[in-house]
>>> print(open('run.cif').read())   # mmCIF, C-alpha atoms
data_query
loop_
_atom_site.label_atom_id
_atom_site.label_comp_id
_atom_site.auth_asym_id
_atom_site.auth_seq_id
_atom_site.Cartn_x
_atom_site.Cartn_y
_atom_site.Cartn_z
CA MET S 1 -6.68 -127.72 1.12
CA ILE S 2 -8.99 -130.63 1.99
CA TYR S 3 -6.95 -133.44 3.54
CA TYR S 4 -9.77 -135.83 4.43
CA ASN S 5 -13.55 -136.14 4.11
CA ARG S 6 -15.03 -134.44 7.14
CA PHE S 7 -18.38 -135.67 8.43
CA ASN S 8 -19.77 -132.17 8.95
CA GLU S 9 -19.11 -131.33 5.31
CA PHE S 10 -20.76 -134.57 4.23
CA LEU S 11 -23.86 -133.63 6.25
CA LYS S 12 -23.95 -130.13 4.76
CA GLY S 13 -23.88 -131.65 1.31
CA LYS S 14 -26.60 -134.15 2.14
CA PHE S 15 -29.00 -131.81 3.95
CA ASN S 16 -27.92 -128.42 2.57
CA GLN S 17 -27.43 -127.09 6.09
CA ARG S 18 -25.52 -127.58 9.31
CA VAL S 19 -26.48 -130.74 11.22
CA LEU S 20 -25.69 -131.38 14.90
CA LYS S 21 -25.87 -134.46 17.14
CA ILE S 22 -28.10 -135.00 20.13
CA CYS S 23 -26.23 -137.54 22.29
CA ILE S 24 -28.71 -139.92 23.90
CA ASP S 25 -28.35 -142.40 26.73
CA GLY S 26 -30.87 -145.13 25.93
CA GLY S 27 -30.36 -146.98 29.20
CA PHE S 28 -28.75 -149.97 27.50
CA THR S 29 -26.07 -152.32 28.78
CA CYS S 30 -23.70 -154.74 26.97
CA PRO S 31 -23.28 -158.52 26.72
CA ASN S 32 -19.81 -158.15 28.25
CA ARG S 33 -21.29 -156.31 31.23
CA ASP S 34 -24.44 -158.19 32.19
CA GLY S 35 -22.89 -161.67 32.22
CA SER S 36 -24.19 -162.81 28.86
CA LYS S 37 -20.59 -162.98 27.66
CA SER S 38 -18.62 -161.41 30.52
CA PHE S 39 -18.70 -158.81 33.26
CA GLY S 40 -17.14 -155.37 33.64
CA GLY S 41 -17.23 -154.25 30.01
CA CYS S 42 -14.18 -153.35 27.92
CA ILE S 43 -11.17 -152.47 30.04
CA PHE S 44 -11.09 -148.85 28.85
CA CYS S 45 -14.82 -148.26 29.29
CA GLY S 46 -16.07 -146.30 32.30
CA GLU S 47 -19.21 -146.79 34.31
CA ARG S 48 -21.23 -144.71 31.85
CA GLY S 49 -19.81 -146.14 28.63
CA SER S 50 -18.77 -143.84 25.79
CA GLY S 51 -21.34 -141.20 26.73
CA GLU S 52 -19.80 -140.10 30.01
CA ASN S 53 -21.39 -136.67 29.65
CA THR S 54 -25.01 -137.75 29.19
CA ASN S 55 -27.63 -137.82 31.94
CA ARG S 56 -29.74 -140.73 33.13
CA ILE S 57 -33.17 -139.28 32.50
CA SER S 58 -35.84 -140.48 30.08
CA ILE S 59 -34.99 -140.43 26.40
CA LYS S 60 -37.84 -138.05 25.68
CA GLU S 61 -36.65 -135.68 28.41
CA GLN S 62 -33.08 -135.79 27.10
CA VAL S 63 -34.27 -134.68 23.65
CA GLU S 64 -36.62 -132.05 25.07
CA ARG S 65 -33.86 -130.62 27.24
CA TYR S 66 -31.58 -130.41 24.24
CA PHE S 67 -34.12 -128.48 22.22
CA SER S 68 -34.77 -126.11 25.10
CA SER S 69 -31.03 -125.36 25.46
CA TYR S 70 -28.81 -122.91 23.62
CA ARG S 71 -27.24 -125.79 21.67
CA SER S 72 -30.37 -126.28 19.58
CA LYS S 73 -30.10 -122.68 18.34
CA ARG S 74 -26.92 -123.44 16.42
CA ALA S 75 -28.63 -125.51 13.72
CA ASN S 76 -31.99 -126.47 12.28
CA ALA S 77 -31.29 -130.15 11.64
CA PHE S 78 -30.19 -132.81 14.10
CA ILE S 79 -29.10 -136.43 14.53
CA ALA S 80 -30.57 -138.58 17.29
CA TYR S 81 -27.39 -140.35 18.39
CA PHE S 82 -27.78 -143.37 20.68
CA GLN S 83 -24.30 -143.44 22.18
CA ASN S 84 -23.99 -145.26 25.51
CA PHE S 85 -23.15 -148.96 25.53
CA THR S 86 -24.85 -151.35 23.06
CA ASN S 87 -27.86 -149.69 21.49
CA THR S 88 -29.26 -152.72 19.70
CA TYR S 89 -29.08 -154.97 22.76
CA GLY S 90 -32.72 -155.66 23.60
CA THR S 91 -35.97 -156.96 22.18
CA ILE S 92 -37.22 -155.46 18.95
CA ASP S 93 -40.19 -153.95 20.78
CA GLU S 94 -37.86 -152.34 23.32
CA LEU S 95 -35.59 -150.97 20.60
CA LYS S 96 -38.52 -149.50 18.65
CA ARG S 97 -39.96 -147.90 21.76
CA LYS S 98 -36.65 -146.25 22.62
CA TYR S 99 -35.89 -145.04 19.11
CA ASP S 100 -39.41 -143.67 18.71
CA GLU S 101 -39.09 -141.86 22.03
CA ALA S 102 -36.13 -139.93 20.61
CA LEU S 103 -37.65 -139.09 17.24
CA ILE S 104 -40.14 -136.54 18.58
CA ASP S 105 -39.13 -133.44 16.67
CA ASP S 106 -39.37 -132.72 12.95
CA ARG S 107 -35.91 -131.14 13.04
CA ILE S 108 -34.39 -134.59 13.61
CA VAL S 109 -33.26 -135.82 10.19
CA ALA S 110 -31.02 -138.77 11.07
CA LEU S 111 -30.75 -141.71 13.46
CA SER S 112 -27.33 -142.95 14.57
CA ILE S 113 -26.96 -146.19 16.51
CA ASP S 114 -23.74 -147.14 18.30
CA THR S 115 -23.49 -150.89 18.91
CA ARG S 116 -21.51 -154.13 18.93
CA PRO S 117 -21.26 -156.35 15.85
CA ASP S 118 -22.56 -159.38 17.75
CA CYS S 119 -25.79 -157.47 18.49
CA ILE S 120 -26.74 -157.00 14.85
CA ASN S 121 -29.19 -159.49 13.37
CA GLU S 122 -31.83 -159.66 10.66
CA ASP S 123 -34.63 -158.40 12.91
CA VAL S 124 -32.58 -155.39 14.04
CA CYS S 125 -31.71 -154.55 10.44
CA GLU S 126 -35.34 -154.78 9.36
CA LEU S 127 -36.34 -152.40 12.16
CA LEU S 128 -33.62 -149.90 11.24
CA ASN S 129 -34.56 -150.20 7.60
CA GLU S 130 -38.09 -149.01 8.45
CA TYR S 131 -36.63 -145.77 9.80
CA GLN S 132 -34.81 -145.18 6.51
CA LYS S 133 -38.13 -144.21 4.94
CA LYS S 134 -37.93 -140.92 6.84
CA TYR S 135 -34.41 -140.61 8.29
CA PHE S 136 -30.81 -141.02 7.29
CA VAL S 137 -29.82 -144.07 9.35
CA TYR S 138 -26.31 -145.26 10.05
CA VAL S 139 -24.86 -147.78 12.48
CA GLU S 140 -21.56 -147.33 14.29
CA LEU S 141 -19.86 -150.69 14.85
CA GLY S 142 -17.08 -151.17 17.39
CA LEU S 143 -14.23 -153.11 15.84
CA GLN S 144 -11.34 -151.29 17.58
CA THR S 145 -8.77 -153.68 16.11
CA SER S 146 -8.53 -156.74 13.87
CA ASN S 147 -6.24 -158.43 16.41
CA GLU S 148 -8.40 -161.09 18.04
CA TYR S 149 -5.94 -161.52 20.90
CA THR S 150 -6.56 -157.86 21.72
CA HIS S 151 -10.33 -158.41 21.51
CA GLU S 152 -9.95 -160.98 24.27
CA PHE S 153 -7.45 -158.98 26.33
CA ILE S 154 -9.64 -155.87 26.42
CA ASN S 155 -12.68 -158.02 27.32
CA GLN S 156 -14.51 -157.02 24.16
CA LYS S 157 -15.74 -160.57 23.58
CA ILE S 158 -16.19 -160.33 19.82
CA ASN S 159 -14.27 -161.73 16.87
CA ASN S 160 -13.66 -160.63 13.30
CA GLU S 161 -16.29 -163.01 11.96
CA ASP S 162 -18.90 -161.26 14.11
CA PHE S 163 -17.87 -157.98 12.56
CA ILE S 164 -17.94 -159.21 8.96
CA ASN S 165 -21.35 -160.82 9.49
CA ALA S 166 -22.78 -157.60 10.96
CA VAL S 167 -21.44 -155.49 8.10
CA ASN S 168 -22.86 -157.90 5.53
CA LEU S 169 -26.29 -157.75 7.16
CA LEU S 170 -26.26 -153.95 7.24
CA ASN S 171 -25.06 -153.86 3.63
CA LYS S 172 -27.96 -156.12 2.67
CA HIS S 173 -30.39 -153.52 4.01
CA HIS S 174 -28.42 -150.58 2.56
CA ILE S 175 -27.71 -149.15 6.03
CA ASP S 176 -24.52 -147.11 6.25
CA VAL S 177 -21.74 -148.59 8.39
CA VAL S 178 -19.33 -146.50 10.44
CA VAL S 179 -16.36 -148.47 11.80
CA HIS S 180 -14.81 -147.63 15.17
CA ILE S 181 -11.10 -148.32 15.54
CA MET S 182 -8.74 -147.42 18.38
CA VAL S 183 -5.07 -146.54 18.34
CA GLY S 184 -2.83 -147.20 21.33
CA LEU S 185 -4.54 -150.30 22.70
CA PRO S 186 -2.52 -152.44 25.17
CA ASN S 187 0.19 -154.60 23.58
CA GLU S 188 -0.44 -153.17 20.10
CA ASN S 189 1.98 -151.44 17.74
CA HIS S 190 2.17 -150.13 14.19
CA GLU S 191 1.93 -153.65 12.75
CA ASP S 192 -1.49 -154.01 14.32
CA ILE S 193 -2.62 -150.75 12.71
CA ILE S 194 -1.41 -152.01 9.32
CA LYS S 195 -3.34 -155.28 9.78
CA THR S 196 -6.49 -153.50 10.91
CA VAL S 197 -6.40 -151.18 7.89
CA ASP S 198 -5.85 -154.21 5.63
CA PHE S 199 -8.82 -155.91 7.30
CA LEU S 200 -11.01 -152.94 6.43
CA ARG S 201 -10.30 -153.56 2.75
CA LYS S 202 -12.39 -156.73 3.04
CA ILE S 203 -15.61 -154.97 4.01
CA ASN S 204 -17.99 -152.43 2.55
CA TYR S 205 -18.24 -149.51 4.96
CA GLN S 206 -19.04 -145.85 4.49
CA GLY S 207 -17.48 -144.08 7.47
CA ILE S 208 -14.85 -144.41 10.16
CA LYS S 209 -14.26 -143.13 13.69
CA ILE S 210 -10.70 -143.21 14.99
CA HIS S 211 -10.06 -142.83 18.71
CA SER S 212 -6.93 -142.66 20.77
CA THR S 213 -6.86 -144.97 23.77
CA TYR S 214 -7.07 -142.91 26.94
CA VAL S 215 -7.27 -143.94 30.57
CA ILE S 216 -10.19 -142.92 32.73
CA LYS S 217 -10.73 -143.47 36.44
CA ASN S 218 -11.96 -146.73 37.91
CA THR S 219 -11.21 -148.89 34.89
CA TYR S 220 -9.04 -151.97 34.50
CA LEU S 221 -6.91 -149.96 32.10
CA GLU S 222 -6.15 -147.57 34.98
CA TYR S 223 -5.06 -150.58 37.03
CA LEU S 224 -2.71 -151.65 34.22
CA LEU S 225 -1.33 -148.12 34.04
CA ASN S 226 -0.70 -147.97 37.79
CA SER S 227 0.92 -151.41 37.63
CA ASN S 228 3.32 -150.22 34.90
CA LYS S 229 1.74 -152.71 32.49
CA TYR S 230 0.39 -150.10 30.08
CA GLN S 231 2.01 -147.04 28.52
CA PRO S 232 -0.33 -144.52 26.85
CA ILE S 233 0.43 -143.49 23.29
CA THR S 234 2.07 -140.10 22.80
CA LEU S 235 0.55 -137.33 20.69
CA GLU S 236 3.35 -137.69 18.14
CA GLU S 237 2.78 -141.43 17.85
CA TYR S 238 -0.96 -140.97 17.55
CA VAL S 239 -0.67 -138.42 14.75
CA LYS S 240 1.73 -140.73 12.91
CA GLU S 241 -0.79 -143.58 13.09
CA LEU S 242 -3.66 -141.29 12.07
CA ILE S 243 -1.75 -140.31 8.97
CA TYR S 244 -1.10 -143.94 8.10
CA ILE S 245 -4.79 -144.82 8.47
CA LEU S 246 -6.08 -141.81 6.52
CA THR S 247 -3.66 -142.26 3.64
CA HIS S 248 -4.34 -146.02 3.35
CA ILE S 249 -8.14 -146.07 3.36
CA LYS S 250 -10.33 -145.23 0.36
CA ASP S 251 -10.66 -141.55 -0.46
CA ASP S 252 -14.47 -141.65 -0.33
CA ILE S 253 -14.77 -142.91 3.25
CA ILE S 254 -16.35 -140.30 5.53
CA ILE S 255 -14.24 -139.40 8.56
CA HIS S 256 -16.67 -139.08 11.48
CA ARG S 257 -14.09 -138.53 14.20
CA LEU S 258 -10.31 -138.39 14.68
CA THR S 259 -10.14 -137.99 18.46
CA GLY S 260 -12.15 -139.02 21.50
CA ASP S 261 -13.80 -136.64 23.96
CA PRO S 262 -12.87 -137.81 27.47
CA PRO S 263 -14.54 -135.85 30.27
CA LYS S 264 -11.92 -133.90 32.19
CA ASP S 265 -13.12 -134.99 35.62
CA VAL S 266 -12.40 -138.69 34.98
CA LEU S 267 -9.48 -138.54 32.53
CA VAL S 268 -6.26 -139.93 34.00
CA CYS S 269 -4.04 -139.67 30.93
CA PRO S 270 -2.77 -138.74 28.42
CA GLU S 271 -3.34 -135.06 29.02
CA TRP S 272 -3.29 -134.23 25.31
CA ALA S 273 -6.45 -136.31 24.77
CA ASN S 274 -8.43 -133.34 26.08
CA HIS S 275 -7.08 -131.03 23.38
CA LYS S 276 -8.86 -131.98 20.18
CA LYS S 277 -7.75 -128.88 18.27
CA ARG S 278 -4.11 -129.54 19.08
CA VAL S 279 -4.40 -133.02 17.59
CA LEU S 280 -6.14 -131.83 14.42
CA ILE S 281 -3.76 -128.91 13.89
CA LYS S 282 -0.74 -131.19 14.23
CA LEU S 283 -2.31 -133.75 11.91
CA GLU S 284 -3.07 -131.25 9.15
CA GLN S 285 0.35 -129.67 9.52
CA LYS S 286 2.03 -133.02 8.93
CA MET S 287 -0.24 -133.86 6.01
CA ARG S 288 0.41 -130.46 4.43
CA GLU S 289 4.18 -130.77 4.86
CA ASN S 290 4.18 -134.16 3.14
CA ASN S 291 1.50 -133.36 0.56
CA TYR S 292 -0.68 -136.19 1.88
CA LYS S 293 -4.41 -136.62 1.29
CA GLN S 294 -6.86 -139.28 2.35
CA GLY S 295 -6.45 -142.40 0.22
CA CYS S 296 -3.22 -141.31 -1.45
CA PHE S 297 -1.58 -144.68 -0.67
CA TYR S 298 -4.69 -146.83 -0.93
CA ASN S 299 -3.60 -148.46 -4.18
CA LYS S 300 0.09 -148.54 -3.35
CA LYS S 301 2.10 -151.11 -1.47
CA ASP S 302 4.43 -149.95 1.32
#
>>> encode(input="run.cif", output="structure tokens")
Amino acid sequence: MIYYNRFNEFLKGKFNQRVLKICIDGGFTCPNRDGSKSFGGCIFCGERGSGENTNRISIKEQVERYFSSYRSKRANAFIAYFQNFTNTYGTIDELKRKYDEALIDDRIVALSIDTRPDCINEDVCELLNEYQKKYFVYVELGLQTSNEYTHEFINQKINNEDFINAVNLLNKHHIDVVVHIMVGLPNENHEDIIKTVDFLRKINYQGIKIHSTYVIKNTYLEYLLNSNKYQPITLEEYVKELIYILTHIKDDIIIHRLTGDPPKDVLVCPEWANHKKRVLIKLEQKMRENNYKQGCFYNKKD
């Protein structure tokens, strides 16, 4: 039984083979880190951003090391995935140099760029569009929530208009959009999930990544936790919200991720965030028991 559209199956259908990601640290920062908009980054983000497991070596060396490792033997097609921080935050010349430095092997068939919506503009889209002549290009945009009070509280320093404008620009250039949303953010509840899912109905996007909110060391979120001002979401609550999201989005949206991958050495809590299979097994069990599939409530009102 297929309960939702898995990204790996989408890639197999598109490239007729297994496709794996090469996670790349491009040496970028963010507007909410360097003082352009704020300092410190989002309150849940560690010193290394979302790519806590990458290494600070040259982009070319990162790719070369990957292809010389056992991991490259598991497939014959790969995605160059720029993961850490805001990977469109720089001059166009700088962006092109960094992207080109990663695309050094003919086995790379796709380019994935993780970024903020306020760092998407016409020039960036035109650059990415050039890569579409040879690669499958998609952009991962961090929304996290449609609650603009939460945007401010977590020091994200974006608004919903930024997000809509970025999506419209990417749509104009026929670049696939993957939306990032988070469940379990401070001060949020099920009503916020409902509103975020409703917000997604207003935009044209092709994929989604859903993350639980977890606490890692040396973040402001850890301070809130230790001050009894934040309570992490439980596994049961998270699965319940996952089911709501999956059943209320369109059935053709590609599900890129349903859990995060916190590194064990910096994870504070919740412990279950380090057990991806446990989350997915519980999710599919609940969907099977209730005969749910992705999009089954998309056209229905609660």
>>> resolve_selection(input="run.cif", expression="the PyMOL selection byres ((chain S and resi 83-88) around 7)", output="list in words")
Cys23, Ile24, Asp25, Gly26, Phe28, Thr29, Cys30, Arg48, Gly49, Ser50, Gly51, Tyr81, Phe82, Tyr89, Gly90, Leu95, Ile113, Asp114, Thr115, Arg116, Cys119 and Ile120 of chain S
>>> atom_distance(input="run.cif", atom1="atom CA of S:Phe163", atom2="atom CA of S:Ser146")
9.5 Å
>>> residues_near_point(input="run.cif", point="(-12.8, -141.4, 31.1)", cutoff="9 Å", atoms="all atoms listed in the file", output="PyMOL selection string")
chain S and resi 44-47+49-50+52+214-219+261-269
>>> resolve_selection(input="run.cif", expression="the PyMOL selection byres ((chain S and resi 293) around 7)", output="list in words")
Tyr3, Tyr4, Thr247, Met287, Asn291, Tyr292, Gln294, Gly295 and Cys296 of chain S
>>> write_last_selection(input="run.cif", atoms="C-alpha atoms", output="PDB file, in the frame of the given file")
ATOM      1  CA  TYR S   3      -6.950-133.440   3.540  1.00  0.00           C
ATOM      2  CA  TYR S   4      -9.770-135.830   4.430  1.00  0.00           C
ATOM      3  CA  THR S 247      -3.660-142.260   3.640  1.00  0.00           C
ATOM      4  CA  MET S 287      -0.240-133.860   6.010  1.00  0.00           C
ATOM      5  CA  ASN S 291       1.500-133.360   0.560  1.00  0.00           C
ATOM      6  CA  TYR S 292      -0.680-136.190   1.880  1.00  0.00           C
ATOM      7  CA  GLN S 294      -6.860-139.280   2.350  1.00  0.00           C
ATOM      8  CA  GLY S 295      -6.450-142.400   0.220  1.00  0.00           C
ATOM      9  CA  CYS S 296      -3.220-141.310  -1.450  1.00  0.00           C
TER      10      CYS S 296
END
>>> atom_distance(input="run.cif", atom1="atom CA of S:Tyr223", atom2="atom CA of S:Ile43")
9.5 Å
>>> residues_near_point(input="run.cif", point="(-3.7, -141.7, 9.6)", cutoff="12 Å", atoms="only C-alpha atoms", output="PyMOL selection string")
chain S and resi 3-4+181-183+190+193-194+197+208-212+236-250+255+257-259+279-280+282-284+286-287+292-298
>>> atom_distance(input="run.cif", atom1="atom CA of S:Asp252", atom2="atom CA of S:Asn8")
14.3 Å
